[in-house]
>>> print(open('coords02.txt').read())   # compact mmCIF, C-alpha atoms and all ligand atoms
# COMPACT_ATOMS: atom_id res chain seq x y z
CA MET L 1 -115.45 77.75 26.59
CA LYS L 2 -116.90 79.92 29.32
CA ILE L 3 -115.01 83.19 29.81
CA ILE L 4 -115.11 85.03 33.12
CA GLU L 5 -115.00 88.81 32.97
CA ALA L 6 -113.50 90.15 36.17
CA ASN L 7 -112.53 93.77 36.65
CA GLY L 8 -111.50 94.17 33.00
CA ALA L 9 -109.81 90.77 32.62
CA ARG L 10 -111.13 87.94 30.48
CA MET L 11 -110.15 84.62 31.99
CA PRO L 12 -111.10 81.20 30.57
CA ALA L 13 -113.20 79.58 33.32
CA LEU L 14 -111.59 76.17 32.94
CA GLY L 15 -107.83 76.03 33.36
CA PHE L 16 -105.17 73.34 33.63
CA GLY L 17 -103.43 73.01 37.01
CA THR L 18 -99.80 71.90 36.95
CA TRP L 19 -98.82 71.31 40.56
CA THR L 20 -96.75 68.04 40.84
CA LEU L 21 -96.08 67.93 37.08
CA ASN L 22 -92.39 68.24 36.27
CA GLY L 23 -89.86 67.74 33.49
CA GLU L 24 -90.84 66.04 30.23
CA GLN L 25 -94.20 64.93 31.62
CA CYS L 26 -95.06 68.54 32.40
CA VAL L 27 -93.93 69.75 28.95
CA ASP L 28 -96.00 67.02 27.32
CA MET L 29 -99.15 67.50 29.43
CA VAL L 30 -99.16 71.30 29.06
CA SER L 31 -98.65 71.02 25.31
CA LYS L 32 -101.39 68.35 24.98
CA ALA L 33 -103.77 70.34 27.20
CA ILE L 34 -103.41 73.39 24.95
CA GLN L 35 -103.88 71.26 21.83
CA THR L 36 -107.04 69.84 23.46
CA GLY L 37 -108.40 73.37 23.85
CA TYR L 38 -107.35 74.58 27.31
CA ARG L 39 -106.37 78.25 27.14
CA HIS L 40 -105.64 78.85 30.83
CA ILE L 41 -102.56 77.35 32.50
CA ASP L 42 -101.82 77.64 36.22
CA THR L 43 -98.33 77.36 37.70
CA ALA L 44 -96.33 78.91 40.57
CA ALA L 45 -92.74 79.63 41.49
CA LYS L 46 -93.18 77.05 44.28
CA TYR L 47 -94.10 74.25 41.84
CA GLU L 48 -90.55 74.36 40.40
CA ASN L 49 -91.92 73.58 36.94
CA GLU L 50 -92.06 77.00 35.27
CA GLU L 51 -89.36 76.09 32.69
CA ALA L 52 -91.34 73.01 31.67
CA VAL L 53 -94.64 74.94 31.58
CA GLY L 54 -93.06 77.55 29.29
CA GLU L 55 -91.64 74.82 27.07
CA GLY L 56 -95.03 73.10 26.94
CA ILE L 57 -96.69 76.33 25.83
CA ARG L 58 -94.12 76.79 23.05
CA ALA L 59 -94.39 73.11 22.00
CA SER L 60 -98.20 73.38 21.68
CA GLY L 61 -97.94 75.41 18.47
CA ILE L 62 -100.61 77.81 19.78
CA ALA L 63 -99.67 81.50 19.96
CA ARG L 64 -98.64 82.75 23.39
CA SER L 65 -101.22 85.54 23.05
CA GLU L 66 -104.02 82.93 22.97
CA ILE L 67 -103.10 81.54 26.37
CA PHE L 68 -103.95 82.93 29.79
CA LEU L 69 -100.89 82.12 31.92
CA THR L 70 -100.90 82.44 35.70
CA THR L 71 -97.99 82.20 38.10
CA LYS L 72 -97.65 82.95 41.81
CA VAL L 73 -95.16 84.39 44.26
CA TRP L 74 -94.51 82.20 47.34
CA PHE L 75 -95.35 83.84 50.67
CA THR L 76 -91.73 84.05 51.83
CA ASP L 77 -91.04 86.38 48.87
CA ILE L 78 -93.86 88.92 49.09
CA ALA L 79 -92.09 91.82 50.82
CA GLU L 80 -91.35 94.98 48.79
CA GLY L 81 -88.47 94.17 46.43
CA ALA L 82 -88.52 90.41 47.00
CA LEU L 83 -91.88 90.08 45.24
CA GLN L 84 -90.71 91.96 42.16
CA ARG L 85 -87.51 89.81 42.03
CA SER L 86 -89.55 86.62 42.31
CA ALA L 87 -91.86 87.72 39.48
CA GLU L 88 -88.90 88.62 37.28
CA ALA L 89 -87.30 85.22 37.93
CA SER L 90 -90.61 83.49 37.04
CA LEU L 91 -90.73 85.32 33.70
CA LYS L 92 -87.18 84.19 32.95
CA ARG L 93 -87.97 80.56 33.80
CA LEU L 94 -91.22 80.62 31.81
CA GLY L 95 -89.48 82.29 28.87
CA VAL L 96 -92.16 84.98 28.53
CA ASP L 97 -92.10 88.78 28.74
CA GLN L 98 -95.24 88.96 30.84
CA VAL L 99 -97.71 86.64 32.56
CA ASP L 100 -101.44 87.21 32.27
CA LEU L 101 -101.96 86.91 35.98
CA LEU L 102 -99.58 87.21 38.92
CA LEU L 103 -100.88 86.03 42.29
CA ILE L 104 -99.70 86.32 45.87
CA HIS L 105 -99.73 82.56 46.59
CA TRP L 106 -100.47 82.91 50.32
CA PRO L 107 -100.63 85.88 52.66
CA SER L 108 -97.83 86.09 55.21
CA ARG L 109 -97.89 86.61 58.96
CA GLU L 110 -94.75 88.76 58.63
CA VAL L 111 -95.56 91.01 55.68
CA SER L 112 -98.74 93.08 55.67
CA VAL L 113 -101.34 92.78 52.92
CA GLU L 114 -100.77 96.49 52.20
CA GLU L 115 -97.03 95.99 51.58
CA SER L 116 -97.43 92.84 49.48
CA VAL L 117 -100.23 94.31 47.36
CA LYS L 118 -98.25 97.50 46.73
CA ALA L 119 -95.29 95.37 45.58
CA LEU L 120 -97.69 93.37 43.38
CA ASN L 121 -98.92 96.63 41.85
CA ASP L 122 -95.35 97.66 41.16
CA ALA L 123 -94.73 94.33 39.40
CA ALA L 124 -97.77 95.05 37.20
CA SER L 125 -96.62 98.63 36.55
CA ARG L 126 -93.24 97.29 35.43
CA GLY L 127 -95.12 95.13 32.90
CA TYR L 128 -94.39 91.76 34.51
CA ALA L 129 -98.11 90.94 34.65
CA ARG L 130 -101.17 91.97 32.66
CA HIS L 131 -103.39 91.38 35.71
CA ILE L 132 -102.89 90.80 39.41
CA GLY L 133 -104.72 88.73 41.99
CA LEU L 134 -104.72 86.98 45.33
CA SER L 135 -104.69 83.40 46.51
CA ASN L 136 -105.66 82.01 49.90
CA HIS L 137 -106.70 85.45 51.20
CA THR L 138 -109.58 85.83 53.65
CA THR L 139 -112.42 88.32 53.13
CA SER L 140 -110.84 90.90 55.45
CA GLN L 141 -107.51 90.54 53.61
CA MET L 142 -109.40 90.91 50.31
CA GLU L 143 -110.93 94.15 51.57
CA LYS L 144 -107.52 95.55 52.58
CA ALA L 145 -106.05 94.50 49.22
CA VAL L 146 -108.83 96.21 47.25
CA GLN L 147 -108.42 99.38 49.31
CA VAL L 148 -104.69 99.78 48.57
CA SER L 149 -104.50 98.40 45.04
CA GLU L 150 -104.25 100.81 42.11
CA HIS L 151 -104.53 98.04 39.53
CA PRO L 152 -107.77 96.06 39.70
CA ILE L 153 -107.50 92.77 41.57
CA ILE L 154 -109.14 90.17 39.39
CA CYS L 155 -109.41 87.05 41.52
CA ASN L 156 -108.87 85.17 44.71
CA GLN L 157 -107.69 81.62 44.03
CA VAL L 158 -108.87 79.47 46.93
CA GLU L 159 -109.71 75.88 47.75
CA TYR L 160 -113.26 75.21 46.59
CA HIS L 161 -115.11 71.98 45.90
CA PRO L 162 -118.44 70.43 46.87
CA CYS L 163 -117.20 69.56 50.38
CA LEU L 164 -116.16 73.10 51.37
CA ASP L 165 -118.50 76.05 51.94
CA GLN L 166 -116.89 79.15 50.44
CA ASP L 167 -120.00 81.37 50.43
CA LEU L 168 -118.27 84.22 52.29
CA VAL L 169 -115.34 84.37 49.87
CA LEU L 170 -117.72 84.00 46.90
CA GLU L 171 -119.85 86.85 48.19
CA ALA L 172 -116.75 89.06 48.64
CA CYS L 173 -115.51 88.17 45.14
CA ARG L 174 -118.84 89.20 43.65
CA LYS L 175 -118.88 92.40 45.69
CA TYR L 176 -115.42 93.39 44.38
CA GLY L 177 -116.05 92.17 40.81
CA MET L 178 -113.43 89.44 41.22
CA ALA L 179 -113.45 85.83 40.05
CA LEU L 180 -113.13 82.97 42.50
CA THR L 181 -110.71 80.44 41.02
CA SER L 182 -111.23 77.01 42.57
CA TYR L 183 -108.15 74.98 43.40
CA CYS L 184 -108.50 71.34 44.44
CA PRO L 185 -111.72 71.60 42.40
CA LEU L 186 -112.05 67.80 42.32
CA TYR L 187 -111.33 67.48 46.05
CA ARG L 188 -108.39 65.45 44.73
CA GLY L 189 -110.78 62.65 43.73
CA GLY L 190 -111.41 60.11 46.47
CA GLU L 191 -114.72 59.36 48.14
CA LEU L 192 -116.53 62.42 46.75
CA MET L 193 -116.53 60.67 43.37
CA SER L 194 -118.69 57.83 44.67
CA HIS L 195 -121.25 59.98 46.50
CA PRO L 196 -124.82 59.55 45.15
CA ALA L 197 -125.11 63.36 44.66
CA ILE L 198 -122.31 62.97 42.09
CA THR L 199 -122.90 59.46 40.71
CA GLY L 200 -126.65 60.09 40.17
CA PRO L 201 -126.12 63.01 37.74
CA ALA L 202 -123.14 61.14 36.20
CA GLU L 203 -125.47 58.30 35.22
CA ALA L 204 -128.27 60.63 34.16
CA HIS L 205 -126.02 62.70 31.85
CA GLY L 206 -123.69 59.91 30.69
CA LYS L 207 -120.69 61.73 32.20
CA SER L 208 -117.94 60.80 34.69
CA PRO L 209 -118.08 61.91 38.35
CA ALA L 210 -115.15 64.32 37.71
CA GLN L 211 -117.08 65.92 34.83
CA ILE L 212 -120.11 66.41 37.11
CA VAL L 213 -117.97 68.15 39.75
CA LEU L 214 -116.31 70.40 37.16
CA ARG L 215 -119.69 71.23 35.60
CA TRP L 216 -120.91 72.19 39.09
CA HIS L 217 -118.07 74.75 39.25
CA MET L 218 -118.78 76.02 35.71
CA GLN L 219 -122.46 76.67 36.49
CA GLN L 220 -121.60 79.11 39.28
CA GLN L 221 -121.31 82.80 38.51
CA ASN L 222 -117.71 84.14 38.52
CA VAL L 223 -116.22 80.73 39.35
CA ALA L 224 -113.23 79.32 37.46
CA ALA L 225 -111.58 75.94 38.14
CA ILE L 226 -108.10 74.58 37.48
CA PRO L 227 -108.17 70.77 37.77
CA ARG L 228 -104.87 68.92 37.69
CA THR L 229 -104.15 65.54 36.19
CA SER L 230 -101.14 63.58 35.02
CA SER L 231 -103.37 61.44 32.81
CA PRO L 232 -103.95 62.48 29.17
CA SER L 233 -107.37 60.81 29.15
CA HIS L 234 -108.47 62.57 32.35
CA MET L 235 -107.19 65.86 30.90
CA GLU L 236 -109.34 65.36 27.77
CA GLN L 237 -112.32 64.26 29.83
CA ASN L 238 -112.06 67.24 32.17
CA PHE L 239 -112.37 69.59 29.20
CA GLN L 240 -115.64 68.02 28.00
CA VAL L 241 -117.95 69.79 30.43
CA PHE L 242 -119.65 72.34 28.20
CA ASP L 243 -122.03 70.03 26.35
CA PHE L 244 -124.53 69.33 29.15
CA GLU L 245 -126.19 71.13 32.04
CA LEU L 246 -126.95 70.11 35.63
CA THR L 247 -130.51 70.77 36.78
CA GLN L 248 -131.13 73.11 39.70
CA ALA L 249 -132.05 70.07 41.84
CA GLU L 250 -128.73 68.41 40.95
CA MET L 251 -126.81 71.63 41.73
CA ASP L 252 -128.62 71.93 45.08
CA ALA L 253 -127.91 68.31 46.05
CA ILE L 254 -124.19 68.82 45.37
CA MET L 255 -124.25 72.15 47.28
CA ALA L 256 -125.69 70.27 50.27
CA LEU L 257 -122.43 68.30 50.63
CA ARG L 258 -120.67 71.48 51.78
CA SER L 259 -121.72 70.90 55.36
CA LYS L 260 -118.71 68.55 55.56
CA GLY L 261 -116.50 71.67 55.68
CA ASP L 262 -113.42 69.72 54.63
CA ARG L 263 -110.33 71.74 53.80
CA ILE L 264 -107.38 69.92 52.22
CA CYS L 265 -104.83 72.76 52.10
CA ASP L 266 -104.43 73.98 55.66
CA PHE L 267 -100.96 74.66 57.00
CA ASP L 268 -99.30 76.33 59.97
CA PHE L 269 -98.83 79.44 57.79
CA SER L 270 -102.52 79.59 56.74
CA PRO L 271 -104.45 82.73 57.63
CA ASP L 272 -107.36 82.60 60.10
CA TRP L 273 -109.94 81.38 57.64
CA ASP L 274 -113.39 82.93 57.40
CA GLN L 275 -115.82 80.82 59.36
CA ALA L 276 -118.80 79.81 57.21
N1 LIG L 301 -103.18 78.47 45.22
C1 LIG L 301 -102.91 77.41 45.95
O1 LIG L 301 -102.50 77.50 47.11
C2 LIG L 301 -103.12 76.05 45.35
C3 LIG L 301 -103.15 74.92 46.19
C4 LIG L 301 -103.37 73.67 45.61
C5 LIG L 301 -103.54 73.56 44.23
N2 LIG L 301 -103.48 74.67 43.43
C6 LIG L 301 -103.67 74.59 41.96
O2 LIG L 301 -104.87 73.90 41.69
C7 LIG L 301 -104.61 72.78 40.86
C8 LIG L 301 -105.58 71.67 41.15
O3 LIG L 301 -105.63 71.33 42.52
P1 LIG L 301 -105.11 69.92 43.08
O4 LIG L 301 -104.08 69.43 42.17
O5 LIG L 301 -104.72 70.10 44.47
O6 LIG L 301 -106.41 69.00 43.11
P2 LIG L 301 -107.55 68.48 42.10
O7 LIG L 301 -107.41 69.07 40.73
O8 LIG L 301 -108.83 68.62 42.83
O9 LIG L 301 -107.27 66.93 42.04
C9 LIG L 301 -106.20 66.34 41.36
C10 LIG L 301 -106.38 64.82 41.49
O10 LIG L 301 -107.60 64.44 40.81
C11 LIG L 301 -107.32 63.37 39.92
N3 LIG L 301 -108.12 63.54 38.71
C12 LIG L 301 -108.04 64.57 37.80
N4 LIG L 301 -108.94 64.40 36.81
C13 LIG L 301 -109.59 63.24 37.09
C14 LIG L 301 -110.64 62.53 36.43
N5 LIG L 301 -111.18 62.98 35.30
N6 LIG L 301 -111.07 61.38 37.00
C15 LIG L 301 -110.55 60.92 38.16
N7 LIG L 301 -109.57 61.56 38.84
C16 LIG L 301 -109.09 62.71 38.30
C17 LIG L 301 -105.84 63.44 39.61
O11 LIG L 301 -105.32 62.14 39.41
P3 LIG L 301 -104.74 61.69 37.97
O12 LIG L 301 -103.43 62.40 37.81
O13 LIG L 301 -104.62 60.22 38.10
O14 LIG L 301 -105.75 62.09 36.94
C18 LIG L 301 -105.25 64.05 40.88
O15 LIG L 301 -104.91 63.03 41.81
C19 LIG L 301 -103.12 72.45 41.12
O16 LIG L 301 -102.54 71.71 40.08
C20 LIG L 301 -102.55 73.84 41.25
O17 LIG L 301 -102.33 74.38 39.93
C21 LIG L 301 -103.29 75.92 43.98
>>> encode(input="coords02.txt", output="structure tokens", more="lines below")
Ligand SMILES: NC(=O)c1ccc[n+]([C@@H]2O[C@H](COP(=O)([O-])OP(=O)(O)OC[C@H]3O[C@@H](n4cnc5c(N)ncnc54)[C@H](OP(=O)(O)O)[C@@H]3O)[C@@H](O)[C@H]2O)c1
Amino acid sequence: MKIIEANGARMPALGFGTWTLNGEQCVDMVSKAIQTGYRHIDTAAKYENEEAVGEGIRASGIARSEIFLTTKVWFTDIAEGALQRSAEASLKRLGVDQVDLLLIHWPSREVSVEESVKALNDAASRGYARHIGLSNHTTSQMEKAVQVSEHPIICNQVEYHPCLDQDLVLEACRKYGMALTSYCPLYRGGELMSHPAITGPAEAHGKSPAQIVLRWHMQQQNVAAIPRTSSPSHMEQNFQVFDFELTQAEMDAIMALRSKGDRICDFDFSPDWDQA
């Protein structure tokens, strides 16, 4: 397993995303993922599955200390006081004393980055989180966050896949020693999986298109990825991406797809994204 070192944190580069998983299926998939070898689990208060994620971790039989657990505070709860209460409620639902990483899920148009990051720092100082980070923050918001944060900020979790150019955010992450954690790393499947830049290497390496896309993430410096699946076989397959290597030509051909500039997660509350 590749480990990313980011501002003092050690984060497994490949994690298991849990958005849309709920109830028994979530318990079962989280437990199976950990038994398969995943050591990084991603959830959020907004996913309404933290109880099941916590139960899945306990059911796996693997010690809590072996697992890098991330949760997030929804943007309506990131004001001073509200953020700390949200984090505390997440810990209760997860059944843990501390998460490994607490993220601000989205910036808010009502609460400044300074205020939310100070509240995030307070949550870390109270011991709710071992590390803190951002999600869906632009490069100027990253800069503000780094300026006011006393605890190191270890990542920005953003949408990243072969069809979206994130060079500016990647560059900022490297400048601040942060990891970029890719969400929607598989572009949620679809037509990307049948593009020749993906199917060519899949045939050449005897791997699936999803494995090629995940390997593309793993071969980039400071990049982690948290694919989601409700299928046990996809979950196992997505973990088997450390036994082959894409050539530079294959990496470049996949990089060239970024001109599409397709963003899946864009909402009326999104920040003004960096323009690539
Ligand atoms: N911070 C944020 O704002 C934010 C936003 C979105 C997501 N996230 C996080 O990122 C995680 C992943 O993002 P995502 O769920 O949006 O998208 P994703 O991981 O790119 O795509 C998930 C889709 O890919 C399919 N899939 C997975 N493995 C596959 C395989 N081996 N072969 C074929 N299809 C496969 C899944 O279908 P099957 O179930 O059929 O396998 C599912 O429909 C989420 O679970 C969440 O933890 C964070």
>>> closest_residue(input="coords02.txt", among="L:Ala225, L:Val30, L:Ala276, L:Ile198", to="ligand LIG 301 (chain L)", atoms="all atoms listed in the file")
L:Ala225
>>> closest_atom_pairs(input="coords02.txt", of="segment 153-217 of chain L", to="segment 91-112 of chain L", cutoff="10 Å", atoms="only C-alpha atoms", output="tab-separated table")
residue	atom	partner	partner_atom	distance
L:Ile153	CA	L:Leu103	CA	9.5
L:Ile154	CA	L:Leu101	CA	8.6
L:Cys155	CA	L:Leu103	CA	8.6
L:Asn156	CA	L:Leu103	CA	8.4
L:Gln157	CA	L:Leu103	CA	8.3
L:Val158	CA	L:His105	CA	9.7
>>> residues_near_ligand(input="coords02.txt", ligand="ligand LIG 301 (chain L)", cutoff="9 Å", atoms="all atoms listed in the file", output="JSON, numbers by chain")
{"L": [15, 16, 17, 18, 19, 20, 21, 41, 42, 43, 44, 47, 72, 103, 104, 105, 106, 134, 135, 136, 156, 157, 158, 159, 160, 161, 181, 182, 183, 184, 185, 186, 187, 188, 189, 190, 193, 208, 209, 210, 211, 225, 226, 227, 228, 229, 230, 231, 232, 233, 234, 235, 236, 237, 238, 264, 265]}
>>> residues_around(input="coords02.txt", residues="Arg58 of chain L", least_positions_apart="4", cutoff="12 Å", atoms="all atoms listed in the file", output="PyMOL selection string")
chain L and resi 27-28+30-32+34-35+51-54+62-67+94-96
>>> atom_distance(input="coords02.txt", atom1="atom CA of Asn222 of chain L", atom2="atom CA of Tyr38 of chain L")
18.0 Å
>>> atom_distance(input="coords02.txt", atom1="atom CA of Gly37 of chain L", atom2="atom CA of Arg130 of chain L")
21.8 Å
